[in-house]
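The structure file model-v3.pdb is reproduced below (PDB, C-alpha atoms).
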ATOM      1  CA  MET S   1       0.000   0.000   0.000
ATOM      2  CA  SER S   2       1.391   3.411  -0.919
ATOM      3  CA  ILE S   3       0.447   6.897   0.179
ATOM      4  CA  VAL S   4      -0.836   9.044  -2.676
ATOM      5  CA  ASN S   5      -0.850  12.825  -2.284
ATOM      6  CA  LEU S   6      -3.952  13.944  -4.177
ATOM      7  CA  ASP S   7      -3.246  17.619  -3.431
ATOM      8  CA  LYS S   8      -0.046  17.673  -5.498
ATOM      9  CA  GLY S   9      -1.644  18.914  -8.728
ATOM     10  CA  LEU S  10      -3.665  21.700  -7.112
ATOM     11  CA  PRO S  11      -2.773  25.393  -7.320
ATOM     12  CA  LEU S  12      -0.820  26.726  -4.345
ATOM     13  CA  SER S  13      -3.748  28.756  -3.007
ATOM     14  CA  GLU S  14      -5.993  25.669  -3.025
ATOM     15  CA  ARG S  15      -3.373  23.528  -1.267
ATOM     16  CA  LEU S  16      -3.035  26.188   1.417
ATOM     17  CA  GLN S  17      -6.814  26.357   1.787
ATOM     18  CA  ARG S  18      -6.899  22.603   2.422
ATOM     19  CA  LEU S  19      -4.090  22.885   4.972
ATOM     20  CA  ASP S  20      -5.298  25.869   6.970
ATOM     21  CA  HIS S  21      -7.832  28.499   5.973
ATOM     22  CA  ILE S  22      -6.244  31.151   8.205
ATOM     23  CA  GLN S  23      -2.830  30.882   6.520
ATOM     24  CA  ALA S  24      -4.516  30.697   3.111
ATOM     25  CA  ARG S  25      -6.308  33.971   3.863
ATOM     26  CA  ARG S  26      -3.049  35.610   5.023
ATOM     27  CA  PHE S  27      -1.284  34.374   1.870
ATOM     28  CA  SER S  28      -4.043  35.724  -0.394
ATOM     29  CA  LYS S  29      -3.494  39.242   0.999
ATOM     30  CA  LEU S  30       0.200  39.309   0.062
ATOM     31  CA  ALA S  31       1.500  41.199  -2.965
ATOM     32  CA  GLY S  32       4.751  42.093  -4.701
ATOM     33  CA  THR S  33       8.068  40.983  -3.282
ATOM     34  CA  VAL S  34       6.450  39.658  -0.102
ATOM     35  CA  LEU S  35       4.241  37.363  -2.216
ATOM     36  CA  GLU S  36       7.271  36.132  -4.179
ATOM     37  CA  ILE S  37       9.246  35.356  -1.006
ATOM     38  CA  ALA S  38       6.323  33.560   0.633
ATOM     39  CA  THR S  39       5.462  31.617  -2.528
ATOM     40  CA  GLU S  40       8.999  30.339  -2.961
ATOM     41  CA  GLY S  41       9.277  29.326   0.698
ATOM     42  CA  ILE S  42       5.915  27.568   0.781
ATOM     43  CA  ILE S  43       6.576  25.731  -2.481
ATOM     44  CA  ARG S  44       9.925  24.523  -1.121
ATOM     45  CA  HIS S  45       8.254  23.388   2.119
ATOM     46  CA  LEU S  46       5.460  21.542   0.304
ATOM     47  CA  ALA S  47       7.937  19.899  -2.091
ATOM     48  CA  ALA S  48      10.076  18.690   0.815
ATOM     49  CA  CYS S  49       6.990  17.310   2.561
ATOM     50  CA  ASP S  50       5.930  15.534  -0.654
ATOM     51  CA  ARG S  51       9.413  14.002  -1.036
ATOM     52  CA  MET S  52       9.395  12.731   2.544
ATOM     53  CA  ASP S  53       5.725  11.606   2.476
ATOM     54  CA  VAL S  54       4.820  13.702   5.522
ATOM     55  CA  ASN S  55       2.042  16.204   6.089
ATOM     56  CA  PRO S  56       2.976  19.881   5.697
ATOM     57  CA  ASP S  57       3.507  21.726   8.960
ATOM     58  CA  ILE S  58       1.056  24.596   9.424
ATOM     59  CA  SER S  59       3.395  26.364  11.843
ATOM     60  CA  ALA S  60       6.151  26.251   9.196
ATOM     61  CA  VAL S  61       3.813  27.856   6.661
ATOM     62  CA  ARG S  62       2.913  30.539   9.226
ATOM     63  CA  GLU S  63       6.615  31.210   9.869
ATOM     64  CA  ILE S  64       7.330  31.441   6.135
ATOM     65  CA  ILE S  65       4.584  34.041   5.726
ATOM     66  CA  ASP S  66       5.793  35.944   8.816
ATOM     67  CA  ASP S  67       9.374  35.930   7.536
ATOM     68  CA  ALA S  68       8.228  37.139   4.105
ATOM     69  CA  LEU S  69       6.350  40.006   5.742
ATOM     70  CA  ASN S  70       9.593  40.917   7.528
ATOM     71  CA  GLY S  71      11.556  40.687   4.256
ATOM     72  CA  ARG S  72      13.501  37.562   5.180
ATOM     73  CA  ARG S  73      14.227  34.637   2.895
ATOM     74  CA  LEU S  74      14.998  31.661   5.107
ATOM     75  CA  TYR S  75      15.062  28.351   3.313
ATOM     76  CA  ALA S  76      16.598  25.036   4.162
ATOM     77  CA  VAL S  77      19.004  23.835   1.517
ATOM     78  CA  ALA S  78      18.633  20.225   0.448
ATOM     79  CA  THR S  79      21.888  18.394  -0.191
ATOM     80  CA  GLU S  80      22.459  15.084  -1.875
ATOM     81  CA  ILE S  81      23.622  12.299   0.425
ATOM     82  CA  THR S  82      26.216  10.176  -1.311
TER      83      THR S  82
END
Take the structure in the file and give it back as structure tokens.
Amino acid sequence: MSIVNLDKGLPLSERLQRLDHIQARRFSKLAGTVLEIATEGIIRHLAACDRMDVNPDISAVREIIDDALNGRRLYAVATEIT
């Protein structure tokens, strides 16, 4: 039996809505550079969660949006393990 993530093909705003309506509402109010920073961070977080087959962390999404509002780009860097 395998876990299938049915949310993968949805637009970012819809995925956020399914995760947490409060963070989705905060995200929808963003614009400009703040929106770009938050979008990149959230996409990276969701991609990492998809790779590891774990549920996205709502508090991480909240922190990404907070950091974007403060003008910070804080992303974990994935490295290949050889």
- [ ] Considering all atoms listed in the file, state which residue in the set S:Ala31, S:Leu19, S:Leu12, S:Ala24 is at the smallest distance from S:Ala68.
- [x]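 Once distances to S:Ala68 are computed over all atoms listed in the file, the minimum belongs to S:Ala31.
Atom CA of S:Lys29 to atom CA of S:Arg73 spans 18.4 Å [interatomic distance, one decimal].
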Task: Surrounding residues of S:Glu63 excluding itself and chain neighbours under 4 positions, 12 Å, all atoms listed in the file, as a ChimeraX atom specification - done: /S:23,26-27,37-38,41-42,45,57-59,67-70,72-75
Task: Distance of atom CA of S:His21 from atom CA of S:Ile43, expressed in Å to one decimal place - done: 16.9 Å
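The gap separating atom CA of S:Ser13 from atom CA of S:Arg25 is 9.0 Å, in Å to one decimal.
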- [ ] Please evaluate the PyMOL selection byres ((chain S and resi 53-56) around 10) against the structure above and give the resulting residues as a ChimeraX atom specification.
- [x] /S:2-5,16,19,42,45-52,57-61
